[in-house]
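The block underneath contains the structure these notes are about, expressed in structure tokens.
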Amino acid sequence: MAPAAAAVASSDAALSRFKLENDLRISESTAKPTEASQSDLQGEGEVPSLMTLVKMAEANDPSYHAAQAGLAAAREFKTIGRASMLPVMQASGSSSRNRQDREIQQGSQRLSDRRFYNAFSANLQLRQPIYAPEARARFDEAVALSNEAEVAFVDEFANMVIRVVDAYLQVFMTATQLDVLTRSRNDFKDLLDSAERRFEGGESTRLEILDLRARYQREAVQVKAAENAHRSAIAMLSSVVGGVDQASFERLQDAGGPLKLSRGSIEGWTNIARRSSTQLLAAESAVAQAEAGLGRAKGATLPRLDALASFGVNDSDSVNTVDQRFETGSLGLQLSVPIFSSGAGRAGVRQAEAYLVQAKAEYDAARLQLDQSVREAYDQFISVIEQERAMVAVKRSAEASSEAADRGYKAGVQAMMDVIAAKSLEREVALEALAVRYESARAFVVLHQLAGQVDEELIKTLSSALSGN
């Protein structure tokens, strides 16, 4: 199979998969009312899963609902375009009461009279295009518009999922930050209490106490800020999924441990993206629309041939046929040939050719940009994964250093400033490791979005990684 044919086949397969997934999502959203979903989430008193939150967002996100309505409207393009190539039947009729005034000149006399009569006419016509290249191009354009809407709906679903995932990760991150800062505050409180007791025994200095009190107060302020950030993250997640009771999210906790996200290869991700990327499929739909537009412009300059069949009934339909009834049937062909349009026909063709060149160039640019974006996203993902693994060892070393300094201080072989430095390092490393952890999860999502793989499998993978299952 030639590369171009292979690309078309792969994009057709991706479109078929997208259409099937869209049908499934629309059927699920119409089958499950919003109120029932919320009661299911709140009534059980369980910690909501990421999959549950996405389902909630499907039922409540207005942007997603707008895209759903747009898809339903765009799918009708295909029916409308097909209709231009199929038979069209029209019926017309009229009925009237008429008055006729006559004047007749007979020699030197002028005779006049008046009469009233009823008139009736009815006609039924059937038209079938036989050769209509413009109509065929309109159908091709309708198919391209419908495919573009399918891709746009998949893209909007991905954006909705990413909004939920971002808010979900932010809740996890702020909860873990709050836990780290709370433990750090408690550690400094214990150190301050210990220093005050040692000061009474003459084993500590006032400078150490003042330093520890300042550090403890700073930690307490940061804990307050972390609590506010956590509440804001919960409120944001609640808003994104539809105003669910925020108490449901307060029990969300990161299980810790490695996220175990699959790396894959750059070649594999690039190939998947070229087959399933919504950006590339949208650019491909634009090329198809431009090709159809060119066919429509050329069709407007070509002859059109239609088959016609009609049957009519006329009863006293004119002043010359009063009290007469006619039934007429006809069958034939109608040929329409454009002869002169002041240059509009050729101008339309040239314009459509230019649009096609533009669409193809934009497709090539989108393909190059996609390859570059996938490469950057993959490199970023690999980088943060390696950082996360490295930070695990750094975090263990910082924790060991803090414990050793604490034991040394209690044994009288370490100074208070050594303990303070070790505790501060442990706190900073924990926060850095936390930031890297969630950055790796976000990079994983971005890579899937570029590859057109934001689906239920991604949601399950993230949910499982964060819960430790």
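Identifiers for the structure tokens are assigned positionally: chains receive A, B, ... in sequence, residues are indexed from 1 per chain, and ligands are indexed from 1 in the order shown.
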
task: Pick out the residues sitting within 9 Å of Trp269 (chain A), and hand them over as a list in words; count only C-alpha atoms, and ignore anything fewer than 4 positions along from it in its own chain.
output: Gly264, Ser265, Ala273, Arg274, Val374, Arg375, Tyr378, Leu447, His448 and Ala451 of chain A

Any chance you could export the current selection's N, CA and C atoms as a compact mmCIF listing (two decimals), in the first residue's frame?
```
# COMPACT_ATOMS: atom_id res chain seq x y z
N GLY A 264 6.47 3.84 26.49
CA GLY A 264 6.38 3.65 25.06
C GLY A 264 7.64 4.15 24.38
N SER A 265 7.59 4.33 23.08
CA SER A 265 8.72 4.85 22.32
C SER A 265 8.27 6.06 21.52
N ALA A 273 -0.05 9.21 16.89
CA ALA A 273 -0.51 10.59 16.70
C ALA A 273 -0.87 10.85 15.24
N ARG A 274 -0.08 10.32 14.31
CA ARG A 274 -0.38 10.54 12.89
C ARG A 274 -1.68 9.86 12.48
N VAL A 374 4.83 16.18 19.54
CA VAL A 374 4.93 14.85 20.15
C VAL A 374 6.34 14.62 20.67
N ARG A 375 7.33 15.00 19.89
CA ARG A 375 8.72 14.85 20.34
C ARG A 375 8.97 15.63 21.62
N TYR A 378 7.05 14.03 24.51
CA TYR A 378 7.66 12.76 24.93
C TYR A 378 8.94 13.02 25.72
N LEU A 447 0.75 14.11 26.44
CA LEU A 447 1.19 13.20 25.40
C LEU A 447 0.00 12.44 24.82
N HIS A 448 -0.90 12.01 25.67
CA HIS A 448 -2.10 11.30 25.19
C HIS A 448 -3.01 12.23 24.39
N ALA A 451 -1.73 12.61 20.92
CA ALA A 451 -1.89 11.38 20.15
C ALA A 451 -3.35 11.01 19.95
```

query: Which residues come within 10 Å of Glu76 (chain A), counting only C-alpha atoms, excluding same-chain residues fewer than 6 positions away, as a ChimeraX atom specification?
result: /A:82,142-143,145-146

Write to file, as a PDB file, in the first residue's frame, the residues of the selection just made, with C-alpha atoms.
```pdb
ATOM      1  CA  ARG A  82     -27.265  13.171  -0.145  1.00  0.00           C
ATOM      2  CA  ALA A 142     -21.289  17.547   3.576  1.00  0.00           C
ATOM      3  CA  VAL A 143     -19.391  14.359   4.459  1.00  0.00           C
ATOM      4  CA  LEU A 145     -18.210  18.817   7.405  1.00  0.00           C
ATOM      5  CA  SER A 146     -19.746  15.912   9.285  1.00  0.00           C
TER       6      SER A 146
END
```

- prompt: At what distance in Å, to one decimal, does CA of Asp12 (chain A) lie from CA of Ala283 (chain A)?
  reply: 13.7 Å

task: Name the residues in contact with Gly93 (chain A) at a cut-off of 7 Å, using only C-alpha atoms, excluding same-chain residues fewer than 2 positions from it; report them as a PyMOL selection string.
output: chain A and resi 91+121-123

Selection near Val161 (chain A), 9 Å with only C-alpha atoms, sequence-local residues under 3 positions removed, as a list in words: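 Listed by chain and then number, they are Val54, Ala57, Glu58, Glu156, Phe157, Ala158, Val164, Val165, Asp166, Val454, Asp455 and Ile459 of chain A.
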
Can you write just those residues out, N, CA and C atoms, as a compact mmCIF listing (two decimals), in the first residue's frame?
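Result went into out-v8.txt, see below:
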```txt
# COMPACT_ATOMS: atom_id res chain seq x y z
N VAL A 54 -15.45 12.23 35.78
CA VAL A 54 -15.57 12.51 34.35
C VAL A 54 -17.02 12.32 33.91
N ALA A 57 -18.92 15.28 34.93
CA ALA A 57 -18.65 16.43 34.06
C ALA A 57 -19.39 16.29 32.74
N GLU A 58 -19.48 15.08 32.21
CA GLU A 58 -20.24 14.86 30.98
C GLU A 58 -21.68 15.31 31.13
N GLU A 156 -13.36 18.17 22.07
CA GLU A 156 -14.02 18.80 23.22
C GLU A 156 -14.12 17.82 24.39
N PHE A 157 -14.36 16.54 24.09
CA PHE A 157 -14.37 15.54 25.16
C PHE A 157 -12.99 15.48 25.83
N ALA A 158 -11.94 15.51 25.01
CA ALA A 158 -10.58 15.50 25.57
C ALA A 158 -10.34 16.73 26.43
N VAL A 164 -11.06 18.16 34.05
CA VAL A 164 -11.32 17.36 35.26
C VAL A 164 -10.02 16.83 35.84
N VAL A 165 -9.14 16.31 34.97
CA VAL A 165 -7.87 15.75 35.44
C VAL A 165 -7.02 16.81 36.11
N ASP A 166 -6.94 18.00 35.49
CA ASP A 166 -6.15 19.09 36.08
C ASP A 166 -6.67 19.44 37.47
N VAL A 454 -7.08 10.44 24.53
CA VAL A 454 -7.75 10.80 25.79
C VAL A 454 -9.06 10.04 25.85
N ASP A 455 -9.04 8.92 26.54
CA ASP A 455 -10.21 8.05 26.57
C ASP A 455 -10.34 7.40 27.94
N ILE A 459 -8.08 7.46 31.69
CA ILE A 459 -8.69 7.80 32.97
C ILE A 459 -8.44 6.68 33.99
```

message: So that I can check the surroundings of region 175-179 of chain A, please list as number ranges by chain every protein, DNA and RNA residue that reaches within 8 Å of it, counting only C-alpha atoms and ignoring chain neighbours fewer than 2 positions away.
response: A: 171-173, 181-183, 223, 226-227, 230, 252-254, 431, 434

task: Select, from A:Gly293, A:Gly452, A:Pro303, A:Gly332, the residue with the minimum atom-to-atom distance to Ala354 (chain A), counting only C-alpha atoms.
output: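 Nearest to Ala354 (chain A): A:Gly293.
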
Within 8 Å of region 233-244 of chain A, which residues of region 120-211 of chain A show up? Give each one with its shortest atom-to-atom distance in Å (one decimal) and the two atoms involved, counting only C-alpha atoms, rows by chain then rising residue number, as a Markdown table.
```
| residue | atom | partner | partner_atom | distance |
| --- | --- | --- | --- | --- |
| A:Arg163 | CA | A:Val240 | CA | 7.2 |
| A:Val164 | CA | A:Val240 | CA | 6.4 |
| A:Ala167 | CA | A:Leu237 | CA | 5.0 |
| A:Tyr168 | CA | A:Leu237 | CA | 6.3 |
| A:Gln170 | CA | A:Ala233 | CA | 6.0 |
| A:Val171 | CA | A:Ala233 | CA | 5.2 |
| A:Thr174 | CA | A:Ala233 | CA | 7.3 |
```

message: Which of region 232-407 of chain A end up as strand (DSSP E or B) when DSSP is run on this backbone - answer as a PyMOL selection string?
response: chain A and resi 304-315+325-336

- request: Could you tell me which of A:Ser424, A:Val47, A:Met417, A:Arg389 comes closest to Leu261 (chain A) if we count only C-alpha atoms?
  value: A:Arg389

message: Set the distance at 6 Å and use only C-alpha atoms: which residues neighbour region 62-74 of chain A once local chain neighbours fewer than 3 positions away are removed? I'd like the list as a list in words.
response: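 Listing them by chain and then by number gives Phe77, Ser146, Ala149 and Phe153 of chain A.
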
task: Have a look at A:Asn271, A:Ser336, A:Gln217, A:Thr328 and name the one nearest to Ala300 (chain A); count only C-alpha atoms.
output: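 Once distances to Ala300 (chain A) are computed over only C-alpha atoms, the minimum belongs to A:Ser336.
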
message: Just checking: using only C-alpha atoms, which residue out of A:Ala225, A:Ala195, A:Ile130, A:Leu259 ends up closest to Ser467 (chain A)?
response: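 Under the stated criterion, the closest residue is A:Leu259.
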
task: Quote the spacing between CA of Leu24 (chain A) and CA of Leu53 (chain A) in Å to one decimal place.
output: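 Straight-line distance from CA of Leu24 (chain A) to CA of Leu53 (chain A) works out to 17.7 Å.
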
field: Residue with smallest distance to Gln246 (chain A) - pool A:Asp23, A:Ala400, A:Pro48, A:Glu432, counting only C-alpha atoms
entry: A:Pro48

task: Please measure the separation of CA of Val88 (chain A) and CA of Gly312 (chain A), giving the value in Å to one decimal.
output: 16.6 Å

message: Under the rule that only C-alpha atoms are counted, which of A:Ala393, A:Leu50, A:Val429, A:Leu15 is the nearest residue to Lys460 (chain A)?
response: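 Ranking A:Ala393, A:Leu50, A:Val429, A:Leu15 by distance to Lys460 (chain A), first place goes to A:Leu50.
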
field: Neighbour list for region 109-115 of chain A as a list of chain:residue names, cut-off 10 Å, only C-alpha atoms, skip fewer than 6 positions in-chain
entry: A:Asn98, A:Arg99, A:Gln100, A:Asp101, A:Arg102, A:Glu103

Selection export as an mmCIF file, in the first residue's frame, atoms kept: C-alpha atoms:
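Wrote result.cif, looks like this:
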```cif
data_model
loop_
_atom_site.group_PDB
_atom_site.id
_atom_site.type_symbol
_atom_site.label_atom_id
_atom_site.label_comp_id
_atom_site.auth_asym_id
_atom_site.auth_seq_id
_atom_site.Cartn_x
_atom_site.Cartn_y
_atom_site.Cartn_z
ATOM 1 C CA ASN A 98 -63.487 33.798 -10.897
ATOM 2 C CA ARG A 99 -65.610 36.535 -12.486
ATOM 3 C CA GLN A 100 -65.452 37.192 -16.231
ATOM 4 C CA ASP A 101 -66.752 40.388 -17.889
ATOM 5 C CA ARG A 102 -66.960 40.149 -21.705
ATOM 6 C CA GLU A 103 -67.550 42.761 -24.380
#
```
